[in-house]
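Trainee: Sharing data32.pdb here; it has PDB, C-alpha atoms, pLDDT in the B column.
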```
ATOM      1  CA  MET A   1     -49.986  63.207  11.441  1.00 65.00           C
ATOM      2  CA  PHE A   2     -47.048  64.719  13.303  1.00 82.00           C
ATOM      3  CA  LEU A   3     -48.970  64.958  16.600  1.00 80.00           C
ATOM      4  CA  PHE A   4     -50.330  61.404  16.294  1.00 85.00           C
ATOM      5  CA  GLU A   5     -46.877  59.947  15.552  1.00 91.00           C
ATOM      6  CA  ASN A   6     -45.257  61.777  18.458  1.00 86.00           C
ATOM      7  CA  LEU A   7     -47.967  60.844  20.930  1.00 86.00           C
ATOM      8  CA  HIS A   8     -47.748  57.230  19.764  1.00 89.00           C
ATOM      9  CA  GLU A   9     -43.975  57.144  20.264  1.00 91.00           C
ATOM     10  CA  ILE A  10     -44.255  58.765  23.699  1.00 88.00           C
ATOM     11  CA  ASN A  11     -46.946  56.253  24.673  1.00 90.00           C
ATOM     12  CA  ASP A  12     -44.736  53.372  23.514  1.00 93.00           C
ATOM     13  CA  PHE A  13     -41.795  54.753  25.508  1.00 89.00           C
ATOM     14  CA  PHE A  14     -43.784  55.027  28.740  1.00 90.00           C
ATOM     15  CA  THR A  15     -45.445  51.650  28.138  1.00 93.00           C
ATOM     16  CA  ARG A  16     -42.017  49.980  27.883  1.00 94.00           C
ATOM     17  CA  ILE A  17     -40.937  51.564  31.157  1.00 92.00           C
ATOM     18  CA  LEU A  18     -44.139  50.550  32.962  1.00 94.00           C
ATOM     19  CA  ARG A  19     -43.867  46.974  31.623  1.00 95.00           C
ATOM     20  CA  LYS A  20     -40.315  46.720  32.955  1.00 94.00           C
ATOM     21  CA  ILE A  21     -41.286  48.104  36.369  1.00 94.00           C
ATOM     22  CA  SER A  22     -44.422  45.932  36.553  1.00 94.00           C
ATOM     23  CA  SER A  23     -42.449  42.740  36.002  1.00 95.00           C
ATOM     24  CA  GLN A  24     -40.219  43.620  38.957  1.00 94.00           C
ATOM     25  CA  TYR A  25     -43.316  43.397  41.172  1.00 93.00           C
ATOM     26  CA  GLY A  26     -44.716  40.241  39.566  1.00 93.00           C
ATOM     27  CA  LEU A  27     -47.438  42.215  37.810  1.00 95.00           C
ATOM     28  CA  THR A  28     -48.429  42.503  34.186  1.00 93.00           C
ATOM     29  CA  PHE A  29     -48.525  45.882  32.482  1.00 93.00           C
ATOM     30  CA  GLU A  30     -52.322  45.760  32.533  1.00 92.00           C
ATOM     31  CA  GLN A  31     -52.463  44.983  36.257  1.00 94.00           C
ATOM     32  CA  SER A  32     -50.109  47.866  37.072  1.00 95.00           C
ATOM     33  CA  LYS A  33     -52.061  50.239  34.867  1.00 93.00           C
ATOM     34  CA  LEU A  34     -55.261  49.168  36.606  1.00 94.00           C
ATOM     35  CA  LEU A  35     -53.729  49.548  40.065  1.00 95.00           C
ATOM     36  CA  ILE A  36     -52.346  53.046  39.479  1.00 94.00           C
ATOM     37  CA  ASN A  37     -55.711  54.200  38.103  1.00 94.00           C
ATOM     38  CA  ILE A  38     -57.700  53.333  41.228  1.00 95.00           C
ATOM     39  CA  PRO A  39     -58.375  56.480  43.261  1.00 94.00           C
ATOM     40  CA  TYR A  40     -57.655  56.094  46.970  1.00 88.00           C
ATOM     41  CA  ASN A  41     -61.322  56.731  47.753  1.00 91.00           C
ATOM     42  CA  GLY A  42     -62.347  53.881  45.406  1.00 94.00           C
ATOM     43  CA  ILE A  43     -64.105  53.549  42.068  1.00 95.00           C
ATOM     44  CA  SER A  44     -66.841  51.329  40.691  1.00 92.00           C
ATOM     45  CA  LEU A  45     -65.877  48.428  38.447  1.00 91.00           C
ATOM     46  CA  SER A  46     -67.788  49.870  35.497  1.00 90.00           C
ATOM     47  CA  GLU A  47     -66.271  53.350  35.900  1.00 93.00           C
ATOM     48  CA  LEU A  48     -62.761  51.907  35.990  1.00 94.00           C
ATOM     49  CA  ALA A  49     -63.396  49.715  32.946  1.00 92.00           C
ATOM     50  CA  LEU A  50     -64.756  52.728  31.084  1.00 92.00           C
ATOM     51  CA  SER A  51     -61.854  55.001  32.026  1.00 90.00           C
ATOM     52  CA  LEU A  52     -59.300  52.362  30.964  1.00 91.00           C
ATOM     53  CA  GLY A  53     -61.223  51.451  27.810  1.00 91.00           C
ATOM     54  CA  ILE A  54     -61.414  47.744  28.635  1.00 91.00           C
ATOM     55  CA  ASP A  55     -64.191  45.173  28.906  1.00 89.00           C
ATOM     56  CA  ASN A  56     -65.614  44.238  32.292  1.00 85.00           C
ATOM     57  CA  SER A  57     -64.430  40.653  31.739  1.00 85.00           C
ATOM     58  CA  THR A  58     -60.829  41.813  31.191  1.00 86.00           C
ATOM     59  CA  LEU A  59     -61.070  43.977  34.292  1.00 90.00           C
ATOM     60  CA  THR A  60     -62.442  41.087  36.359  1.00 88.00           C
ATOM     61  CA  ARG A  61     -59.552  38.781  35.363  1.00 88.00           C
ATOM     62  CA  ASN A  62     -56.948  41.348  36.355  1.00 89.00           C
ATOM     63  CA  ILE A  63     -58.731  42.232  39.570  1.00 93.00           C
ATOM     64  CA  SER A  64     -58.641  38.608  40.717  1.00 91.00           C
ATOM     65  CA  LYS A  65     -54.850  38.570  40.851  1.00 91.00           C
ATOM     66  CA  LEU A  66     -54.686  41.955  42.567  1.00 95.00           C
ATOM     67  CA  ILE A  67     -57.101  40.672  45.229  1.00 95.00           C
ATOM     68  CA  LYS A  68     -54.892  37.585  45.757  1.00 94.00           C
ATOM     69  CA  PHE A  69     -51.882  39.892  46.261  1.00 94.00           C
ATOM     70  CA  ASP A  70     -54.004  41.909  48.737  1.00 95.00           C
ATOM     71  CA  TYR A  71     -53.468  45.094  46.698  1.00 96.00           C
ATOM     72  CA  ILE A  72     -57.185  45.814  46.363  1.00 96.00           C
ATOM     73  CA  ARG A  73     -60.490  44.953  47.986  1.00 95.00           C
ATOM     74  CA  ILE A  74     -64.034  44.940  46.669  1.00 93.00           C
ATOM     75  CA  LYS A  75     -66.920  46.356  48.649  1.00 93.00           C
ATOM     76  CA  MET A  76     -70.542  46.980  47.811  1.00 91.00           C
ATOM     77  CA  SER A  77     -71.708  50.527  47.264  1.00 85.00           C
ATOM     78  CA  ASN A  78     -73.619  52.074  50.170  1.00 87.00           C
ATOM     79  CA  LYS A  79     -76.031  53.690  47.697  1.00 86.00           C
ATOM     80  CA  ASP A  80     -76.689  50.727  45.395  1.00 86.00           C
ATOM     81  CA  LYS A  81     -75.879  47.169  46.495  1.00 84.00           C
ATOM     82  CA  ARG A  82     -75.570  46.069  42.849  1.00 86.00           C
ATOM     83  CA  ILE A  83     -72.509  48.285  42.369  1.00 90.00           C
ATOM     84  CA  LYS A  84     -69.095  46.938  43.376  1.00 91.00           C
ATOM     85  CA  ILE A  85     -66.447  49.429  44.454  1.00 94.00           C
ATOM     86  CA  ILE A  86     -62.720  48.730  44.148  1.00 95.00           C
ATOM     87  CA  ILE A  87     -60.694  50.023  47.083  1.00 95.00           C
ATOM     88  CA  ILE A  88     -56.913  50.068  47.083  1.00 96.00           C
ATOM     89  CA  SER A  89     -55.419  48.424  50.182  1.00 96.00           C
ATOM     90  CA  LYS A  90     -52.539  49.637  52.328  1.00 95.00           C
ATOM     91  CA  GLU A  91     -50.257  47.159  50.558  1.00 96.00           C
ATOM     92  CA  GLY A  92     -51.608  48.328  47.191  1.00 96.00           C
ATOM     93  CA  LYS A  93     -50.778  51.936  48.076  1.00 96.00           C
ATOM     94  CA  LYS A  94     -47.204  50.869  48.854  1.00 96.00           C
ATOM     95  CA  ILE A  95     -46.900  49.149  45.468  1.00 96.00           C
ATOM     96  CA  VAL A  96     -48.350  52.161  43.637  1.00 96.00           C
ATOM     97  CA  ASN A  97     -45.862  54.393  45.432  1.00 96.00           C
ATOM     98  CA  ASN A  98     -42.997  52.048  44.511  1.00 96.00           C
ATOM     99  CA  ILE A  99     -44.107  51.966  40.869  1.00 95.00           C
ATOM    100  CA  GLU A 100     -44.362  55.769  40.747  1.00 93.00           C
ATOM    101  CA  GLN A 101     -40.891  56.144  42.326  1.00 94.00           C
ATOM    102  CA  ALA A 102     -39.363  53.671  39.860  1.00 92.00           C
ATOM    103  CA  PHE A 103     -41.132  55.417  36.998  1.00 88.00           C
ATOM    104  CA  PHE A 104     -39.705  58.767  38.110  1.00 88.00           C
ATOM    105  CA  ILE A 105     -36.178  57.331  38.306  1.00 88.00           C
ATOM    106  CA  ASN A 106     -36.507  55.714  34.858  1.00 83.00           C
ATOM    107  CA  THR A 107     -37.716  58.931  33.234  1.00 81.00           C
ATOM    108  CA  LYS A 108     -35.327  61.279  35.061  1.00 81.00           C
ATOM    109  CA  LYS A 109     -32.911  61.297  32.118  1.00 78.00           C
ATOM    110  CA  ILE A 110     -35.517  63.290  30.159  1.00 79.00           C
ATOM    111  CA  ASN A 111     -34.738  66.257  32.402  1.00 76.00           C
ATOM    112  CA  LYS A 112     -31.262  66.702  30.967  1.00 79.00           C
ATOM    113  CA  TYR A 113     -32.811  67.471  27.557  1.00 84.00           C
ATOM    114  CA  LEU A 114     -35.545  69.803  28.783  1.00 85.00           C
ATOM    115  CA  ASN A 115     -35.408  72.910  30.941  1.00 86.00           C
ATOM    116  CA  LYS A 116     -38.098  73.972  33.426  1.00 86.00           C
ATOM    117  CA  ASP A 117     -39.908  76.104  30.832  1.00 91.00           C
ATOM    118  CA  ASP A 118     -39.986  73.192  28.372  1.00 89.00           C
ATOM    119  CA  LEU A 119     -41.404  70.882  31.027  1.00 84.00           C
ATOM    120  CA  GLN A 120     -44.031  73.448  32.054  1.00 89.00           C
ATOM    121  CA  ASN A 121     -45.073  73.968  28.404  1.00 91.00           C
ATOM    122  CA  ILE A 122     -45.374  70.216  27.891  1.00 87.00           C
ATOM    123  CA  LYS A 123     -47.407  69.878  31.094  1.00 86.00           C
ATOM    124  CA  ASN A 124     -49.746  72.688  30.037  1.00 91.00           C
ATOM    125  CA  SER A 125     -50.168  71.244  26.551  1.00 89.00           C
ATOM    126  CA  LEU A 126     -50.890  67.748  27.869  1.00 86.00           C
ATOM    127  CA  GLU A 127     -53.473  69.137  30.302  1.00 91.00           C
ATOM    128  CA  LYS A 128     -55.185  70.929  27.402  1.00 90.00           C
ATOM    129  CA  LEU A 129     -55.200  67.706  25.373  1.00 84.00           C
ATOM    130  CA  ASN A 130     -56.656  65.751  28.304  1.00 81.00           C
ATOM    131  CA  TRP A 131     -59.425  68.291  28.867  1.00 82.00           C
ATOM    132  CA  THR A 132     -60.204  68.441  25.173  1.00 80.00           C
TER     133      THR A 132
END
```
Produce structure tokens that represent the structure in this file.

Mentor:
Amino acid sequence: MFLFENLHEINDFFTRILRKISSQYGLTFEQSKLLINIPYNGISLSELALSLGIDNSTLTRNISKLIKFDYIRIKMSNKDKRIKIIIISKEGKKIVNNIEQAFFINTKKINKYLNKDDLQNIKNSLEKLNWT
């Protein structure tokens, strides 16, 4: 239970920060999360929905606003015309960069409680959890 509780609290902490940053750019938490999870070389709609654990309909609603902001574009796959690929635009890349910078600034205070070895151990442990 200890691991679950700690991961839950950490997730809540980072969610609060991302919500705050998102609102500064006129985005919802979900839209920001979607935007920062689009690889620069693109991803299919279904792959993105699967990786985020959301329904295609939820993804479609959030994509519509990001298209209006010109943060993303949709193109058809070269291999299969039925597959739609989400591509992040130049403006979208700027927003992602801004969100990442703001996120770094907001979480910088963590560094005064952890030394380099602590941070490296946490990074290694989180990578193991992700691969597991």

Trainee: Compile the contact shell of Glu100 (chain A) as a list in words: residues with an atom at most 10 Å away, counting all atoms listed in the file, same-chain residues fewer than 5 positions apart removed.

Mentor: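 Selected residues are Leu18, Ile21, Ile36, Lys94, Ile95, Ile105 and Asn106 of chain A.
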
Trainee: Evaluating the PyMOL selection byres ((chain A and resi 31) around 12) on the displayed file yields which residues, as a PDB file with C-alpha atoms, in the frame of the given file?

Mentor:
```
ATOM      1  CA  LEU A  18     -44.139  50.550  32.962  1.00 94.00           C
ATOM      2  CA  ARG A  19     -43.867  46.974  31.623  1.00 95.00           C
ATOM      3  CA  ILE A  21     -41.286  48.104  36.369  1.00 94.00           C
ATOM      4  CA  SER A  22     -44.422  45.932  36.553  1.00 94.00           C
ATOM      5  CA  SER A  23     -42.449  42.740  36.002  1.00 95.00           C
ATOM      6  CA  TYR A  25     -43.316  43.397  41.172  1.00 93.00           C
ATOM      7  CA  GLY A  26     -44.716  40.241  39.566  1.00 93.00           C
ATOM      8  CA  LEU A  27     -47.438  42.215  37.810  1.00 95.00           C
ATOM      9  CA  THR A  28     -48.429  42.503  34.186  1.00 93.00           C
ATOM     10  CA  PHE A  29     -48.525  45.882  32.482  1.00 93.00           C
ATOM     11  CA  GLU A  30     -52.322  45.760  32.533  1.00 92.00           C
ATOM     12  CA  SER A  32     -50.109  47.866  37.072  1.00 95.00           C
ATOM     13  CA  LYS A  33     -52.061  50.239  34.867  1.00 93.00           C
ATOM     14  CA  LEU A  34     -55.261  49.168  36.606  1.00 94.00           C
ATOM     15  CA  LEU A  35     -53.729  49.548  40.065  1.00 95.00           C
ATOM     16  CA  ILE A  36     -52.346  53.046  39.479  1.00 94.00           C
ATOM     17  CA  ASN A  37     -55.711  54.200  38.103  1.00 94.00           C
ATOM     18  CA  ILE A  38     -57.700  53.333  41.228  1.00 95.00           C
ATOM     19  CA  LEU A  52     -59.300  52.362  30.964  1.00 91.00           C
ATOM     20  CA  THR A  58     -60.829  41.813  31.191  1.00 86.00           C
ATOM     21  CA  LEU A  59     -61.070  43.977  34.292  1.00 90.00           C
ATOM     22  CA  THR A  60     -62.442  41.087  36.359  1.00 88.00           C
ATOM     23  CA  ARG A  61     -59.552  38.781  35.363  1.00 88.00           C
ATOM     24  CA  ASN A  62     -56.948  41.348  36.355  1.00 89.00           C
ATOM     25  CA  ILE A  63     -58.731  42.232  39.570  1.00 93.00           C
ATOM     26  CA  SER A  64     -58.641  38.608  40.717  1.00 91.00           C
ATOM     27  CA  LYS A  65     -54.850  38.570  40.851  1.00 91.00           C
ATOM     28  CA  LEU A  66     -54.686  41.955  42.567  1.00 95.00           C
ATOM     29  CA  ILE A  67     -57.101  40.672  45.229  1.00 95.00           C
ATOM     30  CA  PHE A  69     -51.882  39.892  46.261  1.00 94.00           C
ATOM     31  CA  TYR A  71     -53.468  45.094  46.698  1.00 96.00           C
ATOM     32  CA  ILE A  72     -57.185  45.814  46.363  1.00 96.00           C
ATOM     33  CA  GLY A  92     -51.608  48.328  47.191  1.00 96.00           C
ATOM     34  CA  ILE A  95     -46.900  49.149  45.468  1.00 96.00           C
ATOM     35  CA  VAL A  96     -48.350  52.161  43.637  1.00 96.00           C
ATOM     36  CA  ILE A  99     -44.107  51.966  40.869  1.00 95.00           C
TER      37      ILE A  99
END
```

Trainee: To one decimal in Å, tell me the separation between CA of Gln120 (chain A) and CA of Thr107 (chain A).

Mentor: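 Computed distance, CA of Gln120 (chain A) to CA of Thr107 (chain A), equals 15.9 Å.
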
Trainee: If you measure from CA of Ile85 (chain A) to CA of Lys20 (chain A), what distance in Å do you get, rounded to one decimal?

Mentor: 28.7 Å

Trainee: Residues around (-64.3, 46.7, 41.8), cut-off 7 Å, counting all atoms listed in the file - what are they as a ChimeraX atom specification?

Mentor: /A:43-45,74,84-86

Trainee: Mind dumping the selected residues with C-alpha atoms as a tab-separated table (two decimals), in the coordinates of the input?

Mentor:
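Done, and the output landed in part.tsv:
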```
chain	number	residue	atom	x	y	z
A	43	ILE	CA	-64.10	53.55	42.07
A	44	SER	CA	-66.84	51.33	40.69
A	45	LEU	CA	-65.88	48.43	38.45
A	74	ILE	CA	-64.03	44.94	46.67
A	84	LYS	CA	-69.10	46.94	43.38
A	85	ILE	CA	-66.45	49.43	44.45
A	86	ILE	CA	-62.72	48.73	44.15
```

Trainee: Kindly give the distance, in Å, that separates CA of Arg16 (chain A) and CA of Arg73 (chain A), rounded to a single decimal.

Mentor: 27.8 Å

Trainee: Any chance you could work out the axis-aligned box around region 86-89 of chain A, listed atoms only, 3 Å on each side, giving centre and edge lengths in Å to one decimal, as JSON?

Mentor:
```
{"center_x": -59.1, "center_y": 49.2, "center_z": 47.2, "size_x": 13.3, "size_y": 7.6, "size_z": 12.0}
```

Trainee: A:Tyr40, A:Asp117, A:Ser125, A:Ser77: which is nearest Lys90 (chain A), counting all atoms listed in the file?

Mentor: A:Tyr40

Trainee: Using the structure block above, produce a file of region 70-132 of chain A that contains C-alpha atoms, as an mmCIF file, in the first residue's frame.

Mentor:
```
data_model
loop_
_atom_site.group_PDB
_atom_site.id
_atom_site.type_symbol
_atom_site.label_atom_id
_atom_site.label_comp_id
_atom_site.auth_asym_id
_atom_site.auth_seq_id
_atom_site.Cartn_x
_atom_site.Cartn_y
_atom_site.Cartn_z
ATOM 1 C CA ASP A 70 -3.040 25.466 -34.683
ATOM 2 C CA TYR A 71 -1.055 23.335 -32.212
ATOM 3 C CA ILE A 72 -1.595 20.114 -34.157
ATOM 4 C CA ARG A 73 -2.521 18.908 -37.619
ATOM 5 C CA ILE A 74 -4.072 15.687 -38.850
ATOM 6 C CA LYS A 75 -2.777 13.867 -41.894
ATOM 7 C CA MET A 76 -3.592 10.516 -43.417
ATOM 8 C CA SER A 77 -1.108 7.697 -43.074
ATOM 9 C CA ASN A 78 0.970 6.977 -46.181
ATOM 10 C CA LYS A 79 0.618 3.237 -45.525
ATOM 11 C CA ASP A 80 -3.107 3.057 -44.751
ATOM 12 C CA LYS A 81 -5.456 5.891 -45.737
ATOM 13 C CA ARG A 82 -7.909 4.867 -42.993
ATOM 14 C CA ILE A 83 -5.388 5.803 -40.295
ATOM 15 C CA LYS A 84 -5.174 9.431 -39.165
ATOM 16 C CA ILE A 85 -1.848 10.692 -37.854
ATOM 17 C CA ILE A 86 -1.568 13.598 -35.413
ATOM 18 C CA ILE A 87 1.375 15.886 -36.118
ATOM 19 C CA ILE A 88 2.441 18.622 -33.737
ATOM 20 C CA SER A 89 2.793 22.012 -35.448
ATOM 21 C CA LYS A 90 5.554 24.577 -35.036
ATOM 22 C CA GLU A 91 3.276 26.568 -32.729
ATOM 23 C CA GLY A 92 2.439 23.380 -30.814
ATOM 24 C CA LYS A 93 6.144 22.685 -30.289
ATOM 25 C CA LYS A 94 6.541 26.183 -28.832
ATOM 26 C CA ILE A 95 3.668 25.581 -26.403
ATOM 27 C CA VAL A 96 5.056 22.185 -25.367
ATOM 28 C CA ASN A 97 8.430 23.804 -24.746
ATOM 29 C CA ASN A 98 6.796 26.571 -22.690
ATOM 30 C CA ILE A 99 4.831 24.025 -20.649
ATOM 31 C CA GLU A 100 7.968 21.955 -20.007
ATOM 32 C CA GLN A 101 9.924 25.077 -18.951
ATOM 33 C CA ALA A 102 7.140 26.176 -16.590
ATOM 34 C CA PHE A 103 6.905 22.653 -15.212
ATOM 35 C CA PHE A 104 10.651 22.628 -14.532
ATOM 36 C CA ILE A 105 10.464 25.986 -12.734
ATOM 37 C CA ASN A 106 7.481 24.841 -10.636
ATOM 38 C CA THR A 107 9.200 21.624 -9.568
ATOM 39 C CA LYS A 108 12.661 23.130 -9.010
ATOM 40 C CA LYS A 109 12.046 23.450 -5.267
ATOM 41 C CA ILE A 110 12.189 19.637 -5.050
ATOM 42 C CA ASN A 111 15.926 19.875 -5.702
ATOM 43 C CA LYS A 112 16.624 21.498 -2.354
ATOM 44 C CA TYR A 113 15.371 18.337 -0.605
ATOM 45 C CA LEU A 114 17.163 15.821 -2.812
ATOM 46 C CA ASN A 115 20.808 15.482 -3.778
ATOM 47 C CA LYS A 116 22.074 14.221 -7.146
ATOM 48 C CA ASP A 117 22.275 10.613 -5.924
ATOM 49 C CA ASP A 118 18.682 10.754 -4.657
ATOM 50 C CA LEU A 119 17.478 12.123 -7.984
ATOM 51 C CA GLN A 120 19.412 9.475 -9.931
ATOM 52 C CA ASN A 121 17.978 6.687 -7.729
ATOM 53 C CA ILE A 122 14.456 8.018 -8.231
ATOM 54 C CA LYS A 123 15.014 8.258 -11.990
ATOM 55 C CA ASN A 124 16.326 4.688 -12.135
ATOM 56 C CA SER A 125 13.449 3.374 -10.035
ATOM 57 C CA LEU A 126 10.831 5.168 -12.136
ATOM 58 C CA GLU A 127 12.384 3.802 -15.337
ATOM 59 C CA LYS A 128 12.187 0.280 -13.886
ATOM 60 C CA LEU A 129 8.533 0.827 -12.963
ATOM 61 C CA ASN A 130 7.742 2.132 -16.456
ATOM 62 C CA TRP A 131 9.414 -0.833 -18.146
ATOM 63 C CA THR A 132 7.715 -3.274 -15.815
#
```
